[in-house]
Amino acid sequence: MSKIAQAFSDGKAFIPFVTGGDPDIETTVNLLFALQDAGANAIEIGIPFSDPVAEGPVIEAASGRALSNGCTVDKLFDMVGRIREEIMVPILFMTYYNPIFSYGTDRFLARCAQAGLDGLIVPDLPYEEREELYQPCRSHDLELISLIAPTTGERIDEIARNSSGFLYCVSSLGVTGMRSVIDDSAKKMIAQVRAVSDIPCAVGFGISTPQQAKEMVKFADGVIVGSAIVKIVAEHGKGCVKPVFQLARSIKEVL
Amino acid sequence: MPDGRFGIHGGKYIPETLMRATLELEKAYKRWHRDAEFIAELDSLLNQYAGRPSRMYFAERMTADLGGARVYLKREDLNHTGSHKINNVLGQVLLAKKMGKSRIIAETGAGQHGVATATAAALMGMECEVFMGKEDTERQALNVYRMELLGTKVHAVASGTATLKDAVSATLREWAARSEDTHYCLGSVMGPHPFPTIVRDFQAVIGREIKKQMADELGRLPDAVVACVGGGSNAIGTFYDFIGDENVELIGCEAAGLGVDTPENAATIATGTVGVFHGMKSYFCQDEFGQIAPVHSISAGLDYPGIGPEHASLHDIGRARYVAVTDDEAVGAFEYLARTEGIIPAIESAHALAYVRQYAKALGAGKAIVVTLSGRGDKDVAAIARYKGVDVSE
């Protein structure tokens with residue numbers, strides 16, 4: 001079992017997201033430790049991108065803050081390398097494809113492996129285009145996580161059969177961000193996955209409260225919480241670590 | 001080559017939430033684009049409503065002044081709404097109607113595509129919303145009002161650099177959230193498959209007409225065809241029918257802004273590198289970490305950090321060549337055509353004219369060069385006046 005799959009082996013998984021370097025690298029490091037202490041089972045670090053088309057305003061603004069403070073992918077590789085020994089849970093990069101491609105795919109993946117990353121989530125690389133990254137990821141022992149959405153429809157069968165690590169189930173259409181109502185499309189998607197595969201399913205996009213997380217894990221194997229955390233970072237800056245810990249703890253406790 | 005690939009370029013690099021919408025569009029396009037009834041309806045709209053075929057005008061005074069090749073202007077500026085954008089928009093909105101959609105969304109830079117889309121939506125009874133960078137809504141306030149007049153809601157996009165690329169991102173986001181009843185009428189030969197193919201096919205009427213008109217006029221093919229390139233829709237429309245005619249030179253003119261040796265340019269082929277953005281693999285202006293660069297051009301329509309994937313491929317294989325034209329050169333050509341031929345061109349098209357001013361003589365007497373005048377310049381008059389330091393108020 002891969003390290004990422006292990007995140008789902010002990011009850012429901014809580015997977016928080018933070019934008020790397022927002023507002024600075026030091027705060028990101030503090031957040032990673034706080035999230036681990038709060039019980040995160042895996043952590044996603046977003047590589048800031050100038051034009052994040054799948055992102056809502058909260059994470060887009062975080063990208064802007066990180067970039068204007070000089071965050072680069074090299075600094076994030078160094079950061080992960082420094083803390084890798086002390087963060088026991090799997091760490092994934094969430095990045096648009098261009099920062100990988102323009103860095104040189106092989107060079108990028110080699111640095112991921114060297115820093116101790118466990119996987120990648122690439123929101124603008126759909127299943128049908130994944131081949132150019134999928135095989136190189138395998139040879140560097142990195143998981144490339146597949147995403148499915150309420151509109152994926154019959155393509156879910158093939159995607160579920162041919163993916164590993166976990167499936168990132170986009171709970172609602174549109175972009176990332178907090179939503180007051182999440183409909184039952186995630187439930188339907190996961191039922192469709194279950195018919196063909198036992199791959200763990202984590203639900204993301206829109207989950208911001210313990211109550212919503214609790215609802216989701218009635219049928220999902222885990223929840224991904226991004227914008228709600230990033231919003232706290234936006235409001236509190238360097239002072240975000242404690243309130244993020246509190247939110248993370250309150251979510252993990254109900255899972 | 002698989003559908004949607006142009007050499008290594010093109011493809012469909014989009015969030016999963018957009019996959020169904022693009023697959024549905026691809027399927028509908030395959031179903032309709034060779035359908036006799038669809039073609040007849042579109043031809044009728046192009047002819048009766050948009051005013052096609054557009055004129056081929058022999059620029060006699062320009063030819064005499066430049067002292068070289070005969071210069072012809074393909075007058076897309078005379079189309080309804082004042083640019084080539086109407087060709088694509090009529091095709092896409094008609095297709096959306098066949099697909100049962102009731103709402104159209106679009107991005108716009110200078111406002112030409114937005115106005116054309118608003119026009120077609122009004123004509124065909126569709127709801128319409130246009131996304132435009134906030135900076136562009138200020139530069140082109142009249143076009144905002146024009147769209148509103150046509151019944152369209154205009155959203156000013158304040159994120160990022162508040163220009164065309166951000167308008168494209170905002171429209172993609174809106175489409176991801178709502179595609180059930182909504183078609184994204186993309187304005188150039190860019191974005192994820194099938195857009196570069198669909199938009200090219202709808203713009204290819206330009207080159208087909210050029211070929212026929214030159215046969216009527218000269219009894220032969222032109223020696224070169226020239227067009228400006230942002231995303232590249234009027235250029236690919238001009239080039240497409242000539243790609244197999246090896247003796248016809250294909251020349252695209254990019255916006256060099258303040259110069260290709262400065263960061264203030266939008267000359268993707270001259271200064272960009274291969275990347276993946278807005279759904280496609282192509283050339284982009286970007287930094288060493290793949291962050292998309294803020295670009296500059298005097299022309300809001302060419303102020304985009306990428307280029308359509310088919311152009312990227314034509315460049316790679318050497319079939320077309322791309323040259324960079326500065327703001328100053330474009331403004332010079334804008335004034336030159338006004339004074340020499342009594343035609344005020346769009347500042348985008350003036351980039352192509354600027355290169356023809358240099359190239360007509362080099363090409364030589366006895367040769368023929370066609371330049372696509374992609375749009376008319378009324379929209380640019382105030383901005384050019386400001387550029388020249390003239391104080392105008394409307």
# chains A, B, ... in the order shown; residues from 1 in each chain; ligands from 1
$ residues_around --residues "stretch 186-201 of chain A" --least-positions-apart "2" --cutoff "9 Å" --atoms "only C-alpha atoms" --output "NGL selection string"
:A and (5 or 8 or 148-150 or 152-154 or 156-161 or 163-172 or 182-184 or 203 or 216 or 218-223)
$ interface_residues --of "chain B" --to "chain A" --cutoff "8 Å" --atoms "only C-alpha atoms" --output "PyMOL selection string"
chain B and resi 11-17+19-20+160+166+169-170+172-178+274-279+288-292
$ residues_around --residues "B:Ala122" --least-positions-apart "3" --cutoff "7 Å" --atoms "only C-alpha atoms" --output "PDB file with C-alpha atoms, in the first residue's frame"
ATOM      1  CA  ALA B 118     -23.656  40.577 -28.137  1.00  0.00           C
ATOM      2  CA  THR B 119     -24.870  41.278 -31.671  1.00  0.00           C
ATOM      3  CA  GLY B 125     -32.623  35.693 -29.141  1.00  0.00           C
ATOM      4  CA  MET B 126     -30.047  34.380 -26.668  1.00  0.00           C
ATOM      5  CA  LEU B 150     -27.398  45.148 -27.422  1.00  0.00           C
ATOM      6  CA  GLY B 151     -28.860  43.622 -24.259  1.00  0.00           C
TER       7      GLY B 151
END
$ select_by_dssp --residues "stretch 69-152 of chain A" --states "strand (DSSP E)" --output "PyMOL selection string"
chain A and resi 91-94+119-121+143-148
$ residues_around --residues "A:Asn30" --least-positions-apart "2" --cutoff "10 Å" --atoms "only C-alpha atoms" --output "compact mmCIF listing (two decimals) with C-alpha atoms, in the first residue's frame"
# COMPACT_ATOMS: atom_id res chain seq x y z
CA ILE A 25 7.49 30.27 3.85
CA GLU A 26 7.99 30.44 7.60
CA THR A 27 4.23 30.68 8.23
CA THR A 28 3.61 27.78 5.85
CA LEU A 32 2.21 22.27 8.37
CA PHE A 33 3.20 21.39 11.95
CA ALA A 34 -0.08 22.75 13.32
CA LEU A 35 -2.08 20.73 10.81
CA LYS A 238 1.35 35.34 10.30
CA CYS A 240 -3.11 32.43 11.39
CA VAL A 241 -1.51 29.34 12.91
CA LYS A 242 -3.64 29.09 16.05
$ residues_around --residues "A:Phe93" --least-positions-apart "5" --cutoff "6 Å" --atoms "only C-alpha atoms" --output "list in words"
Glu44, Ile45, Gly46 and Leu120 of chain A
$ closest_residue --among "B:Val225, B:Ile105, B:Met56, B:Val325" --to "B:Ala255" --atoms "only C-alpha atoms"
B:Val325
$ atom_distance --atom1 "atom CA of B:Leu66" --atom2 "atom CA of B:Leu250"
20.1 Å
$ select_by_dssp --residues "stretch 41-283 of chain B" --states "helix (DSSP H, G or I)" --output "ChimeraX atom specification"
/B:41-49,60-66,76-78,80-82,85-98,112-124,134-139,141-149,164-177,195-203,205-218,233-242,268-271
$ closest_residue --among "B:Asp77, B:Glu60, B:Asp287, B:Glu329" --to "B:Ile344" --atoms "only C-alpha atoms"
B:Asp77
$ residues_around --residues "B:Asn143" --least-positions-apart "2" --cutoff "10 Å" --atoms "only C-alpha atoms" --output "JSON, numbers by chain"
{"B": [110, 111, 112, 114, 115, 136, 137, 138, 139, 140, 141, 145, 146, 147, 148, 149, 379]}
$ atom_distance --atom1 "atom CA of B:Ala227" --atom2 "atom CA of B:Tyr387"
23.2 Å
$ residues_around --residues "A:Glu253" --least-positions-apart "5" --cutoff "9 Å" --atoms "only C-alpha atoms" --output "PyMOL selection string"
chain A and resi 38-39+210+248
